Amino acid sequence: MNVDELYQTIILDHYREKHHSGLRDPFDAEVHHVNPSCGDELTLRVHLTNGTVGDVSYEAEGCSISQASTSIMTDLVIGTSPEHTLELHDEFLEVMQSKGELTPDEDRFEDAIAFAGVAKFPARVKCALLGWSAVRDAIFQAQVKEQK
C-alpha cells in the first residue's frame with residue numbers, strides 16, 4: 001500500500017467511525033460553521049475542565065474530508081490545553097495553505113498527516129479546515145465566558 005492509499009484509508013476510517021460525534025453536555029461554548037463552497041455544516045461544542053479541553057463533541061453533515069478531519073482533530077485536542085489546541089490549529093492551517101509543500105510532524109499530528117495531500121487541492125482545503133476553525137472559535141468563546 002502506498003502513502004496516498006494509506007492516507008485515503010485513514011480518512012475513510014474516520015468518516016465511517018466518527019470519533020466524539022454526537023452533541024454532549026455539559027459544554028461551555030457551541031458554534032455552528034458552514035462551508036459555503038460545498039455546503040458542509042458543523043455544530044461543535046467545547047467543554048473546558050481544569051485548564052484542559054475536557055470534551056469536544058459535534059454533529060456534522062458533509063463530505064468525508066470535513067467529517068474525518070473533525071474526528072481526527074477531536075482525538076488530538078481532547079485532554080490538552082486550549083493553548084496547545086490553538087497551536088495545533090495554526091500549524092494545521094499552515095500545512096493546509098502550503099499547497100502540499102509542507103508535511104506535518106507525524107508524532108504531533110498522528111492521523112491528521114493524512115490531510116497533507118488535501119492541501120494540493122485548494123477546493124478541498126476549506127473542507128479539511130472546517131472542524132479546526134470551529135474548535136478554535138469555540139475555545140475563544142469558552143475562554144471569554146471563563147473570564148466573566
# chains A, B, ... in the order shown; residues from 1 in each chain; ligands from 1
>>> residues_around(residues="Leu48 (chain A)", least_positions_apart="2", cutoff="10 Å", atoms="only C-alpha atoms", output="list of chain:residue names")
A:Pro26, A:Phe27, A:Asp28, A:Ala29, A:Val46, A:Asn50, A:Gly51, A:Thr52, A:Val53, A:Gly54, A:Asp55, A:Val56, A:Ile78, A:Gly79, A:Thr80, A:Ser81, A:Pro82, A:Ile139, A:Ala142, A:Gln143, A:Glu146
>>> write_last_selection(atoms="C-alpha atoms", output="tab-separated table (two decimals), in the first residue's frame")
chain	number	residue	atom	x	y	z
A	26	PRO	CA	-22.00	19.90	29.57
A	27	PHE	CA	-20.42	22.43	27.27
A	28	ASP	CA	-19.01	25.92	27.63
A	29	ALA	CA	-19.38	27.04	24.02
A	46	VAL	CA	-16.30	22.53	23.68
A	50	ASN	CA	-9.38	22.44	34.92
A	51	GLY	CA	-7.32	24.15	32.24
A	52	THR	CA	-7.79	21.46	29.61
A	53	VAL	CA	-10.08	20.76	26.70
A	54	GLY	CA	-12.22	18.27	28.60
A	55	ASP	CA	-14.54	17.40	25.73
A	56	VAL	CA	-15.29	18.24	22.11
A	78	ILE	CA	-9.23	16.40	23.98
A	79	GLY	CA	-7.18	16.32	27.15
A	80	THR	CA	-4.74	19.02	26.03
A	81	SER	CA	-4.63	22.69	26.97
A	82	PRO	CA	-6.57	25.27	24.99
A	139	ILE	CA	-12.30	27.74	22.61
A	142	ALA	CA	-15.35	29.40	26.23
A	143	GLN	CA	-12.33	31.36	27.45
A	146	GLU	CA	-14.46	31.82	31.95
>>> residues_around(residues="region 109-122 of chain A", least_positions_apart="4", cutoff="8 Å", atoms="only C-alpha atoms", output="list of chain:residue names")
A:Asp4, A:Leu6, A:Tyr7, A:Gln8, A:Ile10, A:Ile11, A:Ser69, A:Ile72, A:Met73, A:Leu76, A:Val95, A:Met96, A:Gln97, A:Ser98, A:Lys99, A:Gly100, A:Leu102, A:Thr103, A:Pro104, A:Asp105, A:Lys126, A:Ala128
>>> write_last_selection(atoms="C-alpha atoms", output="CSV table (one decimal), in the first residue's frame")
chain,number,residue,atom,x,y,z
A,4,ASP,CA,-1.7,8.0,-0.7
A,6,LEU,CA,-2.9,4.8,3.4
A,7,TYR,CA,-4.0,8.4,3.8
A,8,GLN,CA,-7.2,7.6,1.9
A,10,ILE,CA,-7.3,6.8,7.3
A,11,ILE,CA,-9.8,9.4,6.1
A,69,SER,CA,-10.8,15.9,9.7
A,72,ILE,CA,-9.2,13.3,14.0
A,73,MET,CA,-9.0,16.8,15.4
A,76,LEU,CA,-5.7,15.3,19.0
A,95,VAL,CA,0.1,22.9,6.3
A,96,MET,CA,-3.3,23.3,4.5
A,97,GLN,CA,-2.3,26.6,3.0
A,98,SER,CA,1.1,25.3,1.8
A,99,LYS,CA,-0.4,23.7,-1.4
A,100,GLY,CA,1.3,20.5,-0.5
A,102,LEU,CA,4.7,21.3,4.0
A,103,THR,CA,4.3,18.0,5.7
A,104,PRO,CA,3.1,17.9,9.3
A,105,ASP,CA,5.1,16.2,12.0
A,126,LYS,CA,-11.9,24.5,3.4
A,128,ALA,CA,-10.4,19.9,6.0
>>> residues_around(residues="Asp13 (chain A)", least_positions_apart="6", cutoff="10 Å", atoms="only C-alpha atoms", output="mmCIF file with C-alpha atoms, in the first residue's frame")
data_model
loop_
_atom_site.group_PDB
_atom_site.id
_atom_site.type_symbol
_atom_site.label_atom_id
_atom_site.label_comp_id
_atom_site.auth_asym_id
_atom_site.auth_seq_id
_atom_site.Cartn_x
_atom_site.Cartn_y
_atom_site.Cartn_z
ATOM 1 C CA TYR A 7 -3.996 8.369 3.783
ATOM 2 C CA SER A 64 -15.682 12.628 4.061
ATOM 3 C CA ALA A 68 -12.824 12.823 9.046
ATOM 4 C CA SER A 71 -12.959 13.338 14.013
#
>>> closest_residue(among="A:Asp90, A:Glu41, A:Asp25, A:Glu17", to="Arg136 (chain A)", atoms="only C-alpha atoms")
A:Asp90
>>> closest_residue(among="A:Glu106, A:Asp40, A:Glu83, A:Glu91", to="Cys127 (chain A)", atoms="only C-alpha atoms")
A:Asp40
>>> closest_residue(among="A:Ser57, A:Ser66, A:Thr74, A:Gln147", to="Glu30 (chain A)", atoms="only C-alpha atoms")
A:Ser57
>>> closest_residue(among="A:Ala134, A:Ala123, A:Val34, A:Leu12", to="Leu86 (chain A)", atoms="only C-alpha atoms")
A:Ala134
>>> select_by_dssp(residues="chain A", states="helix (DSSP H, G or I)", output="ChimeraX atom specification")
/A:3-16,64-77,82-96,106-115,118-120,122-147
>>> write_last_selection(atoms="C-alpha atoms", output="PDB file, in the first residue's frame")
ATOM      1  CA  VAL A   3       1.258   6.507   1.170  1.00  0.00           C
ATOM      2  CA  ASP A   4      -1.682   8.018  -0.745  1.00  0.00           C
ATOM      3  CA  GLU A   5      -3.705   4.824  -0.297  1.00  0.00           C
ATOM      4  CA  LEU A   6      -2.855   4.764   3.406  1.00  0.00           C
ATOM      5  CA  TYR A   7      -3.996   8.369   3.783  1.00  0.00           C
ATOM      6  CA  GLN A   8      -7.246   7.607   1.927  1.00  0.00           C
ATOM      7  CA  THR A   9      -7.821   4.662   4.265  1.00  0.00           C
ATOM      8  CA  ILE A  10      -7.291   6.845   7.347  1.00  0.00           C
ATOM      9  CA  ILE A  11      -9.758   9.439   6.059  1.00  0.00           C
ATOM     10  CA  LEU A  12     -12.383   6.828   5.171  1.00  0.00           C
ATOM     11  CA  ASP A  13     -11.959   5.060   8.533  1.00  0.00           C
ATOM     12  CA  HIS A  14     -12.603   8.306  10.431  1.00  0.00           C
ATOM     13  CA  TYR A  15     -15.505   9.155   8.132  1.00  0.00           C
ATOM     14  CA  ARG A  16     -17.158   5.792   8.831  1.00  0.00           C
ATOM     15  CA  SER A  64     -15.682  12.628   4.061  1.00  0.00           C
ATOM     16  CA  ILE A  65     -12.810  15.108   4.299  1.00  0.00           C
ATOM     17  CA  SER A  66     -14.588  17.580   6.583  1.00  0.00           C
ATOM     18  CA  GLN A  67     -16.023  14.888   8.824  1.00  0.00           C
ATOM     19  CA  ALA A  68     -12.824  12.823   9.046  1.00  0.00           C
ATOM     20  CA  SER A  69     -10.755  15.918   9.750  1.00  0.00           C
ATOM     21  CA  THR A  70     -13.085  16.874  12.611  1.00  0.00           C
ATOM     22  CA  SER A  71     -12.959  13.338  14.013  1.00  0.00           C
ATOM     23  CA  ILE A  72      -9.158  13.313  13.960  1.00  0.00           C
ATOM     24  CA  MET A  73      -8.961  16.830  15.404  1.00  0.00           C
ATOM     25  CA  THR A  74     -11.066  15.799  18.418  1.00  0.00           C
ATOM     26  CA  ASP A  75      -8.687  12.924  19.139  1.00  0.00           C
ATOM     27  CA  LEU A  76      -5.745  15.317  19.047  1.00  0.00           C
ATOM     28  CA  VAL A  77      -7.146  18.072  21.262  1.00  0.00           C
ATOM     29  CA  PRO A  82      -6.575  25.266  24.987  1.00  0.00           C
ATOM     30  CA  GLU A  83      -3.226  26.859  24.096  1.00  0.00           C
ATOM     31  CA  HIS A  84      -1.947  23.575  22.656  1.00  0.00           C
ATOM     32  CA  THR A  85      -5.159  23.210  20.657  1.00  0.00           C
ATOM     33  CA  LEU A  86      -4.764  26.702  19.210  1.00  0.00           C
ATOM     34  CA  GLU A  87      -1.122  25.961  18.321  1.00  0.00           C
ATOM     35  CA  LEU A  88      -2.199  22.770  16.515  1.00  0.00           C
ATOM     36  CA  HIS A  89      -4.863  24.762  14.695  1.00  0.00           C
ATOM     37  CA  ASP A  90      -2.309  27.292  13.488  1.00  0.00           C
ATOM     38  CA  GLU A  91       0.136  24.582  12.374  1.00  0.00           C
ATOM     39  CA  PHE A  92      -2.615  22.621  10.580  1.00  0.00           C
ATOM     40  CA  LEU A  93      -3.760  25.829   8.868  1.00  0.00           C
ATOM     41  CA  GLU A  94      -0.192  26.476   7.703  1.00  0.00           C
ATOM     42  CA  VAL A  95       0.064  22.949   6.261  1.00  0.00           C
ATOM     43  CA  MET A  96      -3.316  23.276   4.530  1.00  0.00           C
ATOM     44  CA  GLU A 106       3.637  12.719  12.307  1.00  0.00           C
ATOM     45  CA  ASP A 107       4.352  12.482  16.056  1.00  0.00           C
ATOM     46  CA  ARG A 108       2.449  15.706  16.691  1.00  0.00           C
ATOM     47  CA  PHE A 109      -0.374  15.283  14.159  1.00  0.00           C
ATOM     48  CA  GLU A 110      -0.851  11.498  14.149  1.00  0.00           C
ATOM     49  CA  ASP A 111      -3.696  10.643  11.724  1.00  0.00           C
ATOM     50  CA  ALA A 112      -4.015  14.311  10.651  1.00  0.00           C
ATOM     51  CA  ILE A 113      -0.986  13.811   8.411  1.00  0.00           C
ATOM     52  CA  ALA A 114      -3.441  12.144   6.037  1.00  0.00           C
ATOM     53  CA  PHE A 115      -4.608  15.626   5.045  1.00  0.00           C
ATOM     54  CA  VAL A 118      -5.529  17.530   0.533  1.00  0.00           C
ATOM     55  CA  ALA A 119      -3.505  20.753   0.656  1.00  0.00           C
ATOM     56  CA  LYS A 120      -2.724  20.234  -3.052  1.00  0.00           C
ATOM     57  CA  PRO A 122      -7.470  24.282  -2.868  1.00  0.00           C
ATOM     58  CA  ALA A 123     -11.171  23.490  -3.250  1.00  0.00           C
ATOM     59  CA  ARG A 124     -10.879  20.816  -0.523  1.00  0.00           C
ATOM     60  CA  VAL A 125      -8.778  22.803   1.958  1.00  0.00           C
ATOM     61  CA  LYS A 126     -11.857  24.514   3.406  1.00  0.00           C
ATOM     62  CA  CYS A 127     -13.366  21.078   3.986  1.00  0.00           C
ATOM     63  CA  ALA A 128     -10.355  19.923   5.985  1.00  0.00           C
ATOM     64  CA  LEU A 129     -10.298  23.169   7.990  1.00  0.00           C
ATOM     65  CA  LEU A 130     -13.991  23.286   8.946  1.00  0.00           C
ATOM     66  CA  GLY A 131     -13.700  21.457  12.280  1.00  0.00           C
ATOM     67  CA  TRP A 132     -10.399  23.100  13.143  1.00  0.00           C
ATOM     68  CA  SER A 133     -11.870  26.581  12.629  1.00  0.00           C
ATOM     69  CA  ALA A 134     -14.896  25.652  14.704  1.00  0.00           C
ATOM     70  CA  VAL A 135     -12.844  24.339  17.646  1.00  0.00           C
ATOM     71  CA  ARG A 136     -10.724  27.494  17.558  1.00  0.00           C
ATOM     72  CA  ASP A 137     -13.803  29.730  17.720  1.00  0.00           C
ATOM     73  CA  ALA A 138     -15.422  27.602  20.441  1.00  0.00           C
ATOM     74  CA  ILE A 139     -12.295  27.740  22.615  1.00  0.00           C
ATOM     75  CA  PHE A 140     -12.144  31.524  22.272  1.00  0.00           C
ATOM     76  CA  GLN A 141     -15.825  31.760  23.279  1.00  0.00           C
ATOM     77  CA  ALA A 142     -15.349  29.404  26.231  1.00  0.00           C
ATOM     78  CA  GLN A 143     -12.328  31.362  27.447  1.00  0.00           C
ATOM     79  CA  VAL A 144     -14.288  34.612  27.297  1.00  0.00           C
ATOM     80  CA  LYS A 145     -17.045  33.004  29.395  1.00  0.00           C
ATOM     81  CA  GLU A 146     -14.464  31.821  31.953  1.00  0.00           C
ATOM     82  CA  GLN A 147     -13.125  35.355  32.345  1.00  0.00           C
TER      83      GLN A 147
END
>>> select_by_dssp(residues="chain A", states="strand (DSSP E or B)", output="PyMOL selection string")
chain A and resi 21+29-34+41-49+52-61
>>> atom_distance(atom1="CA of His32 (chain A)", atom2="CA of Thr49 (chain A)")
21.6 Å
>>> decode(residues="region 64-92 of chain A", atoms="N, CA and C atoms", output="PDB file, in the first residue's frame")
ATOM      1  N   SER A  64     -16.540  13.476   3.227  1.00  0.00           N
ATOM      2  CA  SER A  64     -15.682  12.628   4.061  1.00  0.00           C
ATOM      3  C   SER A  64     -14.496  13.411   4.598  1.00  0.00           C
ATOM      4  N   ILE A  65     -13.976  14.355   3.846  1.00  0.00           N
ATOM      5  CA  ILE A  65     -12.810  15.108   4.299  1.00  0.00           C
ATOM      6  C   ILE A  65     -13.151  15.978   5.502  1.00  0.00           C
ATOM      7  N   SER A  66     -14.239  16.705   5.451  1.00  0.00           N
ATOM      8  CA  SER A  66     -14.588  17.580   6.583  1.00  0.00           C
ATOM      9  C   SER A  66     -14.909  16.768   7.834  1.00  0.00           C
ATOM     10  N   GLN A  67     -15.635  15.674   7.657  1.00  0.00           N
ATOM     11  CA  GLN A  67     -16.023  14.888   8.824  1.00  0.00           C
ATOM     12  C   GLN A  67     -14.846  14.106   9.405  1.00  0.00           C
ATOM     13  N   ALA A  68     -13.998  13.554   8.559  1.00  0.00           N
ATOM     14  CA  ALA A  68     -12.824  12.823   9.046  1.00  0.00           C
ATOM     15  C   ALA A  68     -11.847  13.781   9.719  1.00  0.00           C
ATOM     16  N   SER A  69     -11.661  14.947   9.158  1.00  0.00           N
ATOM     17  CA  SER A  69     -10.755  15.918   9.750  1.00  0.00           C
ATOM     18  C   SER A  69     -11.232  16.328  11.140  1.00  0.00           C
ATOM     19  N   THR A  70     -12.535  16.519  11.302  1.00  0.00           N
ATOM     20  CA  THR A  70     -13.085  16.874  12.611  1.00  0.00           C
ATOM     21  C   THR A  70     -12.906  15.724  13.592  1.00  0.00           C
ATOM     22  N   SER A  71     -13.145  14.510  13.153  1.00  0.00           N
ATOM     23  CA  SER A  71     -12.959  13.338  14.013  1.00  0.00           C
ATOM     24  C   SER A  71     -11.516  13.245  14.505  1.00  0.00           C
ATOM     25  N   ILE A  72     -10.579  13.392  13.608  1.00  0.00           N
ATOM     26  CA  ILE A  72      -9.158  13.313  13.960  1.00  0.00           C
ATOM     27  C   ILE A  72      -8.775  14.462  14.878  1.00  0.00           C
ATOM     28  N   MET A  73      -9.263  15.665  14.584  1.00  0.00           N
ATOM     29  CA  MET A  73      -8.961  16.830  15.404  1.00  0.00           C
ATOM     30  C   MET A  73      -9.401  16.601  16.842  1.00  0.00           C
ATOM     31  N   THR A  74     -10.596  16.014  17.046  1.00  0.00           N
ATOM     32  CA  THR A  74     -11.066  15.799  18.418  1.00  0.00           C
ATOM     33  C   THR A  74     -10.125  14.863  19.169  1.00  0.00           C
ATOM     34  N   ASP A  75      -9.644  13.830  18.500  1.00  0.00           N
ATOM     35  CA  ASP A  75      -8.687  12.924  19.139  1.00  0.00           C
ATOM     36  C   ASP A  75      -7.425  13.660  19.577  1.00  0.00           C
ATOM     37  N   LEU A  76      -6.993  14.604  18.769  1.00  0.00           N
ATOM     38  CA  LEU A  76      -5.745  15.317  19.047  1.00  0.00           C
ATOM     39  C   LEU A  76      -5.865  16.351  20.157  1.00  0.00           C
ATOM     40  N   VAL A  77      -7.049  16.931  20.335  1.00  0.00           N
ATOM     41  CA  VAL A  77      -7.146  18.072  21.262  1.00  0.00           C
ATOM     42  C   VAL A  77      -7.765  17.736  22.617  1.00  0.00           C
ATOM     43  N   ILE A  78      -8.612  16.731  22.692  1.00  0.00           N
ATOM     44  CA  ILE A  78      -9.231  16.404  23.978  1.00  0.00           C
ATOM     45  C   ILE A  78      -8.139  15.982  24.954  1.00  0.00           C
ATOM     46  N   GLY A  79      -8.167  16.620  26.114  1.00  0.00           N
ATOM     47  CA  GLY A  79      -7.178  16.324  27.149  1.00  0.00           C
ATOM     48  C   GLY A  79      -5.949  17.211  27.107  1.00  0.00           C
ATOM     49  N   THR A  80      -5.874  18.093  26.112  1.00  0.00           N
ATOM     50  CA  THR A  80      -4.741  19.020  26.028  1.00  0.00           C
ATOM     51  C   THR A  80      -5.201  20.398  26.497  1.00  0.00           C
ATOM     52  N   SER A  81      -4.276  21.326  26.569  1.00  0.00           N
ATOM     53  CA  SER A  81      -4.627  22.689  26.968  1.00  0.00           C
ATOM     54  C   SER A  81      -5.249  23.431  25.789  1.00  0.00           C
ATOM     55  N   PRO A  82      -6.056  24.441  26.077  1.00  0.00           N
ATOM     56  CA  PRO A  82      -6.575  25.266  24.987  1.00  0.00           C
ATOM     57  C   PRO A  82      -5.451  25.892  24.157  1.00  0.00           C
ATOM     58  N   GLU A  83      -4.348  26.261  24.801  1.00  0.00           N
ATOM     59  CA  GLU A  83      -3.226  26.859  24.096  1.00  0.00           C
ATOM     60  C   GLU A  83      -2.618  25.861  23.103  1.00  0.00           C
ATOM     61  N   HIS A  84      -2.473  24.617  23.540  1.00  0.00           N
ATOM     62  CA  HIS A  84      -1.947  23.575  22.656  1.00  0.00           C
ATOM     63  C   HIS A  84      -2.885  23.373  21.460  1.00  0.00           C
ATOM     64  N   THR A  85      -4.172  23.368  21.723  1.00  0.00           N
ATOM     65  CA  THR A  85      -5.159  23.210  20.657  1.00  0.00           C
ATOM     66  C   THR A  85      -5.035  24.340  19.640  1.00  0.00           C
ATOM     67  N   LEU A  86      -4.889  25.561  20.120  1.00  0.00           N
ATOM     68  CA  LEU A  86      -4.764  26.702  19.210  1.00  0.00           C
ATOM     69  C   LEU A  86      -3.457  26.638  18.416  1.00  0.00           C
ATOM     70  N   GLU A  87      -2.383  26.145  19.039  1.00  0.00           N
ATOM     71  CA  GLU A  87      -1.122  25.961  18.321  1.00  0.00           C
ATOM     72  C   GLU A  87      -1.288  24.917  17.213  1.00  0.00           C
ATOM     73  N   LEU A  88      -1.950  23.795  17.536  1.00  0.00           N
ATOM     74  CA  LEU A  88      -2.199  22.770  16.515  1.00  0.00           C
ATOM     75  C   LEU A  88      -3.020  23.343  15.371  1.00  0.00           C
ATOM     76  N   HIS A  89      -4.034  24.126  15.716  1.00  0.00           N
ATOM     77  CA  HIS A  89      -4.863  24.762  14.695  1.00  0.00           C
ATOM     78  C   HIS A  89      -3.994  25.571  13.741  1.00  0.00           C
ATOM     79  N   ASP A  90      -3.138  26.421  14.315  1.00  0.00           N
ATOM     80  CA  ASP A  90      -2.309  27.292  13.488  1.00  0.00           C
ATOM     81  C   ASP A  90      -1.353  26.480  12.606  1.00  0.00           C
ATOM     82  N   GLU A  91      -0.774  25.422  13.148  1.00  0.00           N
ATOM     83  CA  GLU A  91       0.136  24.582  12.374  1.00  0.00           C
ATOM     84  C   GLU A  91      -0.610  23.831  11.268  1.00  0.00           C
ATOM     85  N   PHE A  92      -1.811  23.321  11.588  1.00  0.00           N
ATOM     86  CA  PHE A  92      -2.615  22.621  10.580  1.00  0.00           C
ATOM     87  C   PHE A  92      -3.015  23.586   9.469  1.00  0.00           C
TER      88      PHE A  92
END
